[in-house]
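J.: My file is query-v5.cif. It has mmCIF, C-alpha atoms:
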data_input
loop_
_atom_site.label_atom_id
_atom_site.label_comp_id
_atom_site.auth_asym_id
_atom_site.auth_seq_id
_atom_site.Cartn_x
_atom_site.Cartn_y
_atom_site.Cartn_z
CA MET A 804 -4.92 25.41 -38.08
CA GLU A 805 -1.73 23.60 -39.17
CA CYS A 806 0.40 26.45 -37.76
CA ARG A 807 -1.40 26.25 -34.43
CA TRP A 808 -0.83 22.49 -34.39
CA LEU A 809 2.90 22.96 -34.97
CA LEU A 810 2.98 25.67 -32.30
CA CYS A 811 1.41 23.29 -29.78
CA ILE A 812 4.02 20.63 -30.53
CA THR A 813 6.84 23.19 -30.28
CA ILE A 814 5.59 24.47 -26.93
CA HIS A 815 5.32 20.92 -25.62
CA LYS A 816 8.90 20.13 -26.63
CA LEU A 817 10.12 23.33 -24.99
CA GLN A 818 8.35 22.33 -21.78
CA ASN A 819 10.09 18.97 -21.81
CA SER A 820 13.42 20.65 -22.58
CA LEU A 821 13.02 22.95 -19.57
CA LEU A 822 12.20 19.99 -17.32
CA LEU A 823 15.33 18.21 -18.56
CA VAL A 824 17.51 21.23 -17.78
CA ILE A 825 16.02 21.49 -14.28
CA ARG A 826 16.68 17.80 -13.62
CA MET A 827 20.31 18.22 -14.74
CA LEU A 828 20.85 21.28 -12.55
CA PHE A 829 19.38 19.74 -9.40
CA LYS A 830 20.18 16.04 -9.81
CA ASP A 831 22.67 16.24 -6.91
CA LYS A 832 19.67 16.67 -4.59
CA ILE A 833 18.57 13.11 -5.32
CA PRO A 834 20.67 10.46 -3.52
CA SER A 835 21.29 8.42 -6.65
CA ARG A 836 24.87 7.30 -5.88
CA LEU A 837 25.32 4.06 -3.91
CA HIS A 838 27.74 4.86 -1.09
CA GLY A 839 27.87 1.31 0.23
CA GLU A 840 26.11 -1.57 1.94
CA LEU A 841 25.70 -2.23 5.66
CA SER A 842 26.36 -5.94 5.98
CA GLY A 843 27.32 -8.53 8.57
CA ALA A 844 24.74 -7.74 11.25
CA HIS A 845 21.49 -9.43 10.21
CA GLU A 846 20.43 -12.81 8.94
CA GLY A 847 17.25 -12.67 6.89
CA PRO A 848 15.00 -9.73 6.00
CA VAL A 849 15.60 -6.29 7.51
CA ARG A 850 12.24 -4.80 8.47
CA ALA A 851 13.14 -1.26 9.49
CA VAL A 852 15.94 1.29 9.19
CA THR A 853 16.08 4.77 10.70
CA PHE A 854 18.60 7.56 11.18
CA ASN A 855 19.18 9.06 14.59
CA LYS A 856 18.38 12.74 15.14
CA ASP A 857 21.64 14.17 13.75
CA GLY A 858 22.01 11.64 10.93
CA HIS A 859 25.40 10.35 12.07
CA TYR A 860 24.12 6.93 13.12
CA CYS A 861 21.28 4.58 12.25
CA LEU A 862 19.38 1.60 13.62
CA THR A 863 18.32 -1.54 11.76
CA CYS A 864 16.22 -4.51 12.88
CA GLY A 865 14.80 -7.64 11.37
CA ALA A 866 13.88 -11.30 11.29
CA ASP A 867 16.92 -12.40 13.32
CA LYS A 868 15.43 -10.83 16.51
CA MET A 869 18.27 -8.28 16.69
CA VAL A 870 18.63 -4.50 16.60
CA ALA A 871 21.89 -3.11 15.20
CA LEU A 872 23.54 0.30 15.65
CA TRP A 873 25.68 1.62 12.77
CA ASN A 874 27.81 4.46 11.59
CA PRO A 875 26.36 4.23 8.09
CA HIS A 876 28.73 6.77 6.53
CA ARG A 877 31.69 4.55 7.42
CA LEU A 878 29.65 1.37 6.80
CA LYS A 879 30.63 0.31 10.31
CA LEU A 880 28.66 -1.87 12.73
CA ILE A 881 28.95 -0.47 16.27
CA LYS A 882 26.81 -2.73 18.44
CA LYS A 883 24.04 -5.35 18.33
CA TYR A 884 21.18 -5.56 20.81
CA SER A 885 19.13 -8.56 21.85
CA GLY A 886 16.05 -8.82 24.05
CA HIS A 887 13.27 -9.81 21.66
CA THR A 888 12.21 -13.44 21.31
CA GLN A 889 10.77 -13.05 17.81
CA GLU A 890 11.20 -10.87 14.73
CA VAL A 891 11.80 -7.16 15.42
CA LEU A 892 9.58 -4.90 13.29
CA GLY A 893 10.54 -1.39 14.40
CA ALA A 894 13.23 0.59 16.25
CA ALA A 895 14.04 4.23 16.98
CA ALA A 896 16.73 6.18 18.85
CA SER A 897 16.07 8.73 21.58
CA HIS A 898 16.82 12.41 20.96
CA ASP A 899 20.03 12.22 23.08
CA ASN A 900 21.12 8.81 21.69
CA ALA A 901 21.12 7.38 25.24
CA SER A 902 18.40 4.79 24.65
CA LEU A 903 16.52 3.01 21.90
CA ILE A 904 12.97 1.71 21.65
CA SER A 905 12.04 -1.41 19.68
CA CYS A 906 9.00 -3.59 19.01
CA GLY A 907 8.17 -6.88 17.36
CA ILE A 908 6.10 -9.99 16.86
CA ASP A 909 6.59 -10.97 20.54
CA LYS A 910 4.10 -8.17 21.50
CA LEU A 911 6.87 -6.41 23.44
CA VAL A 912 7.90 -2.76 23.39
CA LEU A 913 11.47 -2.72 24.70
CA LEU A 914 13.43 0.29 26.01
CA THR A 915 17.19 -0.40 25.92
CA ASP A 916 20.27 1.47 27.16
CA VAL A 917 22.47 2.15 24.12
CA SER A 918 25.84 2.04 25.88
CA THR A 919 25.34 -1.09 28.00
CA GLY A 920 22.81 -2.95 25.88
CA LYS A 921 20.75 -3.72 28.98
CA PRO A 922 16.94 -3.45 28.91
CA LEU A 923 15.61 -0.48 30.89
CA ARG A 924 11.89 -1.16 30.56
CA LYS A 925 9.68 -3.85 29.08
CA PHE A 926 6.29 -2.46 28.14
CA ARG A 927 3.61 -5.13 27.83
CA GLY A 928 -0.04 -4.65 27.01
CA HIS A 929 -0.47 -5.20 23.29
CA GLU A 930 -2.42 -8.35 22.52
CA HIS A 931 -0.74 -9.02 19.18
CA ARG A 932 2.42 -8.17 17.29
CA VAL A 933 3.61 -4.57 17.50
CA ASN A 934 4.22 -3.16 14.02
CA CYS A 935 5.77 0.23 14.75
CA VAL A 936 7.14 2.42 17.53
CA LEU A 937 8.46 5.99 17.88
CA PHE A 938 9.67 8.41 20.54
CA ASN A 939 8.20 11.87 20.92
CA SER A 940 10.56 14.85 20.47
CA ASP A 941 12.10 14.72 23.97
CA SER A 942 11.87 10.91 24.29
CA SER A 943 9.70 11.17 27.39
CA VAL A 944 7.04 8.92 25.85
CA ALA A 945 6.95 6.19 23.22
CA ILE A 946 4.05 5.53 20.85
CA SER A 947 3.44 2.05 19.46
CA GLY A 948 0.94 0.63 16.95
CA SER A 949 -0.17 -2.97 16.84
CA TYR A 950 -2.03 -5.64 14.94
CA ASP A 951 -4.46 -5.57 17.89
CA LYS A 952 -5.93 -2.34 16.35
CA THR A 953 -4.63 -0.07 19.12
CA VAL A 954 -2.07 2.68 19.57
CA ARG A 955 -0.54 2.75 23.04
CA ILE A 956 1.39 5.58 24.65
CA TRP A 957 4.07 4.66 27.21
CA ASP A 958 5.77 6.88 29.81
CA CYS A 959 9.51 6.25 29.50
CA ARG A 960 10.41 8.19 32.65
CA SER A 961 8.06 6.73 35.26
CA LYS A 962 8.45 3.27 36.75
CA GLY A 963 5.06 2.01 35.61
CA ASN A 964 4.77 -0.45 32.76
CA ASP A 965 1.15 0.23 31.84
CA PRO A 966 0.27 2.57 28.95
CA ILE A 967 -0.77 6.08 29.95
CA GLN A 968 -3.26 6.20 27.05
CA VAL A 969 -4.78 3.77 24.56
CA LEU A 970 -6.18 4.90 21.19
CA ASP A 971 -8.57 2.19 20.00
CA GLU A 972 -10.61 3.80 17.21
CA ALA A 973 -9.14 1.66 14.39
CA THR A 974 -11.02 -1.40 13.14
CA ASP A 975 -7.97 -3.21 11.76
CA SER A 976 -4.22 -3.42 12.28
CA ILE A 977 -2.25 -0.22 12.94
CA SER A 978 0.47 -0.18 10.30
CA SER A 979 2.43 3.02 11.05
CA VAL A 980 2.68 5.96 13.42
CA ASP A 981 4.12 9.44 12.88
CA ILE A 982 4.35 12.20 15.46
CA THR A 983 4.77 15.98 15.55
CA GLU A 984 4.86 18.39 18.48
CA HIS A 985 1.18 17.89 19.33
CA GLU A 986 -0.21 15.35 16.85
CA ILE A 987 -0.12 11.60 16.43
CA LEU A 988 -0.72 10.32 12.89
CA THR A 989 -1.64 6.67 12.37
CA SER A 990 -2.39 4.54 9.34
CA SER A 991 -4.42 1.34 9.38
CA ILE A 992 -5.27 -1.60 7.18
CA ASP A 993 -8.90 -0.51 7.61
CA GLY A 994 -8.10 2.17 4.99
CA THR A 995 -8.29 5.14 7.35
CA VAL A 996 -5.56 7.57 8.38
CA ARG A 997 -6.23 9.12 11.79
CA CYS A 998 -4.74 12.35 13.07
CA TYR A 999 -5.01 12.88 16.84
CA ASP A 1000 -4.52 16.48 17.91
CA ILE A 1001 -3.47 15.97 21.53
CA ARG A 1002 -3.48 19.67 22.35
CA ALA A 1003 -6.99 20.34 21.01
CA GLY A 1004 -8.43 16.92 21.85
CA MET A 1005 -9.63 16.40 18.26
CA LEU A 1006 -9.56 13.43 15.88
CA SER A 1007 -9.50 13.84 12.09
CA LEU A 1008 -10.23 10.91 9.75
CA PHE A 1009 -8.97 10.46 6.19
CA ASN A 1010 -10.26 7.42 4.31
CA ILE A 1011 -8.53 6.29 1.10
CA ASN A 1012 -10.80 3.23 0.51
CA HIS A 1013 -7.77 0.92 0.36
CA PRO A 1014 -5.60 -0.62 3.08
CA ALA A 1015 -3.08 2.03 4.17
CA PRO A 1016 0.26 0.50 5.23
CA HIS A 1017 2.09 3.82 5.74
CA ALA A 1018 1.42 7.52 6.35
CA LYS A 1019 3.68 10.50 7.07
CA HIS A 1020 3.37 14.24 7.58
CA SER A 1021 4.89 16.57 5.01
CA HIS A 1022 7.67 18.74 6.38
CA ASP A 1023 5.44 21.83 6.35
CA ARG A 1024 2.77 19.84 8.27
CA HIS A 1025 0.06 20.94 5.82
CA CYS A 1026 -0.25 17.60 3.98
CA ILE A 1027 -0.22 13.87 4.63
CA LEU A 1028 1.53 11.34 2.38
CA VAL A 1029 -0.30 7.99 2.37
CA ALA A 1030 0.66 4.70 0.72
CA GLY A 1031 -2.14 2.37 -0.32
CA LEU A 1032 -2.14 -1.32 -1.20
CA ASP A 1033 -3.44 -0.36 -4.66
CA SER A 1034 0.13 0.66 -5.66
CA ASN A 1035 -0.80 4.35 -5.41
CA ILE A 1036 0.57 7.02 -3.11
CA ARG A 1037 -1.70 9.91 -2.21
CA LEU A 1038 -0.92 13.42 -1.03
CA LEU A 1039 -3.83 14.57 1.14
CA ASP A 1040 -4.77 18.07 2.19
CA LYS A 1041 -4.70 17.98 5.97
CA THR A 1042 -7.43 20.59 6.38
CA ASN A 1043 -10.18 18.83 4.39
CA GLY A 1044 -8.82 15.42 3.39
CA ASP A 1045 -8.92 16.15 -0.36
CA THR A 1046 -6.50 14.20 -2.55
CA LEU A 1047 -4.13 16.83 -3.96
CA CYS A 1048 -2.00 14.43 -6.01
CA MET A 1049 -1.72 10.72 -6.72
CA TYR A 1050 1.56 9.05 -7.61
CA THR A 1051 1.39 5.91 -9.72
CA GLY A 1052 3.81 3.50 -11.32
CA VAL A 1053 4.09 4.78 -14.90
CA LEU A 1054 7.67 5.76 -15.65
CA PHE A 1055 8.12 8.57 -18.20
CA HIS A 1056 11.36 9.02 -20.06
CA TYR A 1057 13.24 12.09 -21.22
CA PRO A 1058 14.97 13.82 -23.11
CA ILE A 1059 12.75 15.69 -25.53
CA ASP A 1060 13.49 13.53 -28.58
CA SER A 1061 11.69 10.64 -26.91
CA TYR A 1062 7.91 10.39 -26.77
CA HIS A 1063 5.74 9.70 -23.75
CA VAL A 1064 2.07 9.25 -23.06
CA CYS A 1065 0.65 12.75 -22.68
CA SER A 1066 -2.72 14.05 -23.86
CA PHE A 1067 -3.54 17.67 -23.22
CA PRO A 1068 -5.91 20.28 -24.66
CA TYR A 1069 -4.91 23.87 -25.27
CA VAL A 1070 -6.95 26.83 -24.10
CA ASP A 1071 -9.39 28.24 -26.69
CA THR A 1072 -8.67 25.41 -29.17
CA ASP A 1073 -10.10 22.01 -29.92
CA ILE A 1074 -6.62 20.54 -30.33
CA SER A 1075 -5.42 17.60 -28.24
CA VAL A 1076 -1.86 16.33 -28.73
CA THR A 1077 -0.83 12.81 -27.72
CA PHE A 1078 2.67 11.34 -27.69
CA ILE A 1079 3.49 7.73 -26.87
CA ASP A 1080 6.78 6.57 -25.36
CA PHE A 1081 7.26 2.92 -26.30
CA ARG A 1082 10.01 2.65 -23.68
CA SER A 1083 7.68 3.59 -20.85
CA SER A 1084 7.39 0.96 -18.14
CA VAL A 1085 5.16 0.29 -15.18
CA GLY A 1086 6.74 0.08 -11.74
CA HIS A 1087 6.13 0.73 -8.06
CA LYS A 1088 4.20 -2.37 -7.20
CA ASN A 1089 2.67 -2.28 -3.71
CA LYS A 1090 -0.11 -4.82 -3.28
CA ASP A 1091 0.82 -7.04 -0.35
CA TYR A 1092 3.45 -5.53 1.96
CA LYS A 1093 4.27 -2.40 3.90
CA VAL A 1094 6.97 -0.50 2.03
CA GLY A 1095 8.84 2.61 3.10
CA ILE A 1096 7.72 6.08 1.97
CA ALA A 1097 9.26 9.52 2.51
CA LEU A 1098 9.38 13.09 1.30
CA SER A 1099 12.66 14.76 0.39
CA PRO A 1100 13.85 17.52 2.77
CA THR A 1101 12.15 20.32 0.82
CA ASP A 1102 9.07 18.21 -0.05
CA ALA A 1103 10.15 18.41 -3.70
CA TYR A 1104 10.12 14.64 -4.23
CA VAL A 1105 7.94 11.75 -3.11
CA VAL A 1106 10.02 8.63 -2.42
CA SER A 1107 8.82 5.05 -2.00
CA GLY A 1108 10.06 1.50 -1.87
CA SER A 1109 8.29 -1.19 -3.87
CA GLU A 1110 7.70 -4.90 -4.20
CA GLU A 1111 10.03 -5.33 -7.16
CA GLY A 1112 13.23 -4.20 -5.46
CA LYS A 1113 13.21 -0.55 -6.54
CA ILE A 1114 13.03 2.86 -4.89
CA TYR A 1115 11.05 5.43 -6.88
CA PHE A 1116 11.30 9.23 -6.88
CA TRP A 1117 8.33 11.30 -8.10
CA ASP A 1118 8.32 15.03 -8.69
CA LEU A 1119 5.79 16.31 -6.15
CA MET A 1120 4.19 18.81 -8.52
CA THR A 1121 4.30 17.06 -11.93
CA ARG A 1122 3.65 13.58 -10.45
CA ARG A 1123 6.16 12.12 -12.91
CA ILE A 1124 8.76 9.56 -11.86
CA VAL A 1125 12.11 11.30 -12.01
CA THR A 1126 14.33 8.28 -11.37
CA SER A 1127 14.49 4.91 -9.64
CA LEU A 1128 17.18 3.08 -7.68
CA GLN A 1129 17.67 -0.68 -7.73
CA HIS A 1130 17.90 -1.80 -4.11
CA GLY A 1131 17.47 -5.55 -4.66
CA THR A 1132 16.27 -8.17 -7.09
CA GLU A 1133 13.01 -7.89 -9.02
CA LYS A 1134 11.34 -10.28 -6.57
CA SER A 1135 12.51 -8.50 -3.41
CA VAL A 1136 10.60 -5.99 -1.28
CA VAL A 1137 11.96 -2.65 -0.05
CA TYR A 1138 10.39 -2.70 3.40
CA ALA A 1139 11.89 0.53 4.73
CA ILE A 1140 13.56 3.77 3.69
CA ASP A 1141 14.69 6.77 5.71
CA TYR A 1142 15.66 10.16 4.29
CA PHE A 1143 17.99 12.33 6.38
CA ASP A 1144 16.54 15.81 6.14
CA GLU A 1145 19.67 17.98 6.22
CA HIS A 1146 21.58 16.20 3.44
CA SER A 1147 20.86 14.23 0.31
CA CYS A 1148 21.18 10.90 2.06
CA LEU A 1149 18.88 7.84 1.97
CA LEU A 1150 18.89 4.46 3.71
CA SER A 1151 17.00 1.48 2.30
CA ALA A 1152 16.34 -2.01 3.66
CA GLY A 1153 14.46 -5.02 2.39
CA SER A 1154 13.63 -8.68 2.16
CA VAL A 1155 17.01 -9.69 0.73
CA GLY A 1156 18.65 -8.73 4.03
CA SER A 1157 20.73 -5.86 2.73
CA VAL A 1158 20.82 -2.26 3.96
CA LYS A 1159 22.11 0.32 1.50
CA LEU A 1160 23.19 3.92 1.87
CA TRP A 1161 22.59 6.28 -1.04
CA LYS A 1162 24.08 9.76 -1.32
CA GLY A 1163 23.85 12.67 -3.71
CA THR A 1164 26.65 13.56 -6.08
CA ASN A 1165 27.51 16.53 -3.87
CA TRP A 1166 28.73 14.24 -1.06
CA PRO A 1167 32.53 13.63 -0.85
CA ASP A 1168 33.82 10.12 -1.40
CA GLY A 1169 35.44 10.02 2.03
CA ASP A 1170 33.86 9.35 5.42
CA SER A 1171 31.25 11.61 6.89
#
Can the structure from this file be put into structure tokens for me?
T.:
Amino acid sequence: MECRWLLCITIHKLQNSLLLVIRMLFKDKIPSRLHGELSGAHEGPVRAVTFNKDGHYCLTCGADKMVALWNPHRLKLIKKYSGHTQEVLGAAASHDNASLISCGIDKLVLLTDVSTGKPLRKFRGHEHRVNCVLFNSDSSVAISGSYDKTVRIWDCRSKGNDPIQVLDEATDSISSVDITEHEILTSSIDGTVRCYDIRAGMLSLFNINHPAPHAKHSHDRHCILVAGLDSNIRLLDKTNGDTLCMYTGVLFHYPIDSYHVCSFPYVDTDISVTFIDFRSSVGHKNKDYKVGIALSPTDAYVVSGSEEGKIYFWDLMTRRIVTSLQHGTEKSVVYAIDYFDEHSCLLSAGSVGSVKLWKGTNWPDGDS
């Protein structure tokens, strides 16, 4: 029995050793190096940040009623856009970079010409603040979600200002929208994620029993990543709604000579081994605000902002926190993150008013 006990401990240490080697080999895939800070454009909190389609530029918006266009790789502000009368909560660029769409507390969805800065269309119809907005793939329509519990779809090419469709199934505020070729994914404070299949005319419901401030498709479109205001992030199976994994705030430490909380039985034995890491900490607080979430380009890592100024990276399969980045102070909120899919590159924005660009160790030190 003693030999089997020692064998279990040895196997466990070898498993941790292998994980450590893997982390060392692939650490350049995590954007852990701070490239710089985008400053000088906003006063107050920055509510949203998003790359354009090719990742060369980005948009930011916030409490100062402004939208800003950047070359983030050179940390250079290109242009600022006005037009909203209150805080701007969301912005996105069109597929050809010719226009941008924005939304805010003033209930307005605003289509703006990028080169001139002049408003092209002012879409009105929401009865309360508009929390989020996106273009579809060819920028022919825009989709917005509001505190008024509705999602509205706007035709950006016609001259009409009324929505072409209203989705009103939610019973509380719409907190986020995500779109694929034929699906619209929404999250709501009513605790339900809704997936509208436009092509098939079907609606799928996924309830997490907690307010859901953010939801996104996985890159393979088979799963849905959902943030809840219980500080947990869930990976849902899109076909049946089952929770495949849950990502929490316990931070495990390596290498193998440290101990962490881990209890596991071995097949055909009555042995259970437990190690305790006294350096383990609890992080990823998300109780009150919408924070940014993302999946890395290969869906290998789950990424999320938090309410204590950090950005956390979980291994998708093991559910362990791999690393964390300090965006702001312990009392700040990371409202938004955006991961550029083709490179190890991450933008983060938060309540302290700063926007930061993080890159992997494989990026050169010079300009993009």
J.: So that I can see what lies close to region 1104-1106 of chain A, please list as a list of chain:residue names the residues with an atom at most 9 Å from it, counting only C-alpha atoms and leaving out residues fewer than 2 positions away in the same chain.
T.: A:Ile833, A:Leu1028, A:Ile1036, A:Tyr1050, A:Gly1095, A:Ile1096, A:Ala1097, A:Leu1098, A:Ser1099, A:Pro1100, A:Thr1101, A:Asp1102, A:Gly1108, A:Ile1114, A:Tyr1115, A:Phe1116, A:Trp1117, A:Asp1118, A:Leu1119, A:Met1120, A:Arg1122, A:Val1125, A:Ile1140, A:Tyr1142
J.: Would you kindly translate the PyMOL selection byres ((chain A and resi 957) around 12) into the concrete residues it picks from this file, as JSON, numbers by chain?
T.: {"A": [904, 912, 913, 914, 924, 925, 926, 927, 928, 929, 936, 937, 938, 939, 942, 943, 944, 945, 946, 947, 948, 954, 955, 956, 958, 959, 960, 961, 962, 963, 964, 965, 966, 967, 968, 969, 970]}
J.: Enter the distance from CA of Glu1133 (chain A) to CA of His1017 (chain A), in Å, rounded to one decimal.
T.: 21.8 Å
J.: For each of A:Tyr860, A:Lys1113, A:Asp909, A:Asp1144, take the minimum atom-to-atom distance to Thr1126 (chain A), counting all atoms listed in the file, then give the residue where this is smallest.
T.: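 Of the candidates, the smallest distance to Thr1126 (chain A) is held by A:Lys1113.
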J.: Under the PyMOL selection byres ((chain A and resi 867) around 10), which residues of this model are included? Write them out as a VMD selection string.
T.: chain A and resid 844 to 849 864 to 866 868 to 870 885 887 to 891
J.: For C-alpha atoms, I'd like the residues from the last selection saved as a short mmCIF file (atom, residue, chain, number, x, y, z; two decimals), in the coordinates of the input.
T.:
data_model
loop_
_atom_site.label_atom_id
_atom_site.label_comp_id
_atom_site.auth_asym_id
_atom_site.auth_seq_id
_atom_site.Cartn_x
_atom_site.Cartn_y
_atom_site.Cartn_z
CA ALA A 844 24.74 -7.74 11.25
CA HIS A 845 21.49 -9.43 10.21
CA GLU A 846 20.43 -12.81 8.94
CA GLY A 847 17.25 -12.67 6.89
CA PRO A 848 15.00 -9.73 6.00
CA VAL A 849 15.60 -6.29 7.51
CA CYS A 864 16.22 -4.51 12.88
CA GLY A 865 14.80 -7.64 11.37
CA ALA A 866 13.88 -11.30 11.29
CA LYS A 868 15.43 -10.83 16.51
CA MET A 869 18.27 -8.28 16.69
CA VAL A 870 18.63 -4.50 16.60
CA SER A 885 19.13 -8.56 21.85
CA HIS A 887 13.27 -9.81 21.66
CA THR A 888 12.21 -13.44 21.31
CA GLN A 889 10.77 -13.05 17.81
CA GLU A 890 11.20 -10.87 14.73
CA VAL A 891 11.80 -7.16 15.42
#
J.: Identify the residues within 9 Å of coordinate (10.6, -1.8, 5.5) (same frame as the file), considering all atoms listed in the file, and give the answer as a ChimeraX atom specification.
T.: /A:849-852,892-893,1092-1095,1108,1136-1140,1151-1154
J.: Would you put the residues from that selection into a file with C-alpha atoms, as a compact mmCIF listing (two decimals), in the frame of the given file?
T.:
# COMPACT_ATOMS: atom_id res chain seq x y z
CA VAL A 849 15.60 -6.29 7.51
CA ARG A 850 12.24 -4.80 8.47
CA ALA A 851 13.14 -1.26 9.49
CA VAL A 852 15.94 1.29 9.19
CA LEU A 892 9.58 -4.90 13.29
CA GLY A 893 10.54 -1.39 14.40
CA TYR A 1092 3.45 -5.53 1.96
CA LYS A 1093 4.27 -2.40 3.90
CA VAL A 1094 6.97 -0.50 2.03
CA GLY A 1095 8.84 2.61 3.10
CA GLY A 1108 10.06 1.50 -1.87
CA VAL A 1136 10.60 -5.99 -1.28
CA VAL A 1137 11.96 -2.65 -0.05
CA TYR A 1138 10.39 -2.70 3.40
CA ALA A 1139 11.89 0.53 4.73
CA ILE A 1140 13.56 3.77 3.69
CA SER A 1151 17.00 1.48 2.30
CA ALA A 1152 16.34 -2.01 3.66
CA GLY A 1153 14.46 -5.02 2.39
CA SER A 1154 13.63 -8.68 2.16
J.: Pick out the closest residue to Leu841 (chain A) from this set: A:Leu1150, A:Ala901, A:Gly1163, A:Lys1088. Count all atoms listed in the file.
T.: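 Answer, going by the shortest atom-to-atom distance: A:Leu1150.
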J.: Using CA of Arg1037 (chain A) and CA of Ile1001 (chain A) as the two end points, give the distance in Å to one decimal.
T.: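 So the two atoms, CA of Arg1037 (chain A) and CA of Ile1001 (chain A), lie 24.6 Å apart.
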J.: Step by step, work through what the PyMOL selection byres ((chain A and resi 977) around 7) selects in the shown file, and finish by giving those residues as a list of chain:residue names.
T.: A:Gly948, A:Ser949, A:Tyr950, A:Lys952, A:Thr953, A:Asp975, A:Ser976, A:Ser978, A:Ser979, A:Thr989, A:Ser990, A:Ser991, A:Ile992
J.: Looking at A:Asn874, A:Thr1051, A:Ser940, A:Asn1010, which one is nearest to His985 (chain A), with distances taken over all atoms listed in the file?
T.: A:Ser940
J.: Could you check the closest approach to Ser905 (chain A) for each of A:Ser835, A:Asn934, A:Ser1147, A:Ser1135 and tell me which residue wins, using all atoms listed in the file?
T.: A:Asn934
J.: Mind giving me the straight-line distance from CA of Leu880 (chain A) to CA of Ser1107 (chain A) in Å, one decimal?
T.: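 Result for CA of Leu880 (chain A) versus CA of Ser1107 (chain A): 25.7 Å, one decimal.
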J.: With distances taken over all atoms listed in the file, which residue among A:Val1158, A:Ala895, A:Ala1030, A:Ile982 lies nearest Phe854 (chain A)?
T.: A:Ala895
J.: Which of these residues is nearest to Cys906 (chain A), using all atoms listed in the file: A:Lys921, A:Thr1121, A:His1020, A:His931?
T.: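 Once distances to Cys906 (chain A) are computed over all atoms listed in the file, the minimum belongs to A:His931.
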J.: For His1025 (chain A), work out the shell of residues within 12 Å, counting only C-alpha atoms and skipping chain neighbours fewer than 3 positions away, then give it as a list of chain:residue names.
T.: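 Listing them by chain and then by number gives A:Thr983, A:Lys1019, A:His1020, A:Ser1021, A:His1022, A:Leu1028, A:Leu1038, A:Leu1039, A:Asp1040, A:Lys1041, A:Thr1042, A:Asn1043, A:Gly1044, A:Asp1045, A:Leu1047, A:Asp1102.
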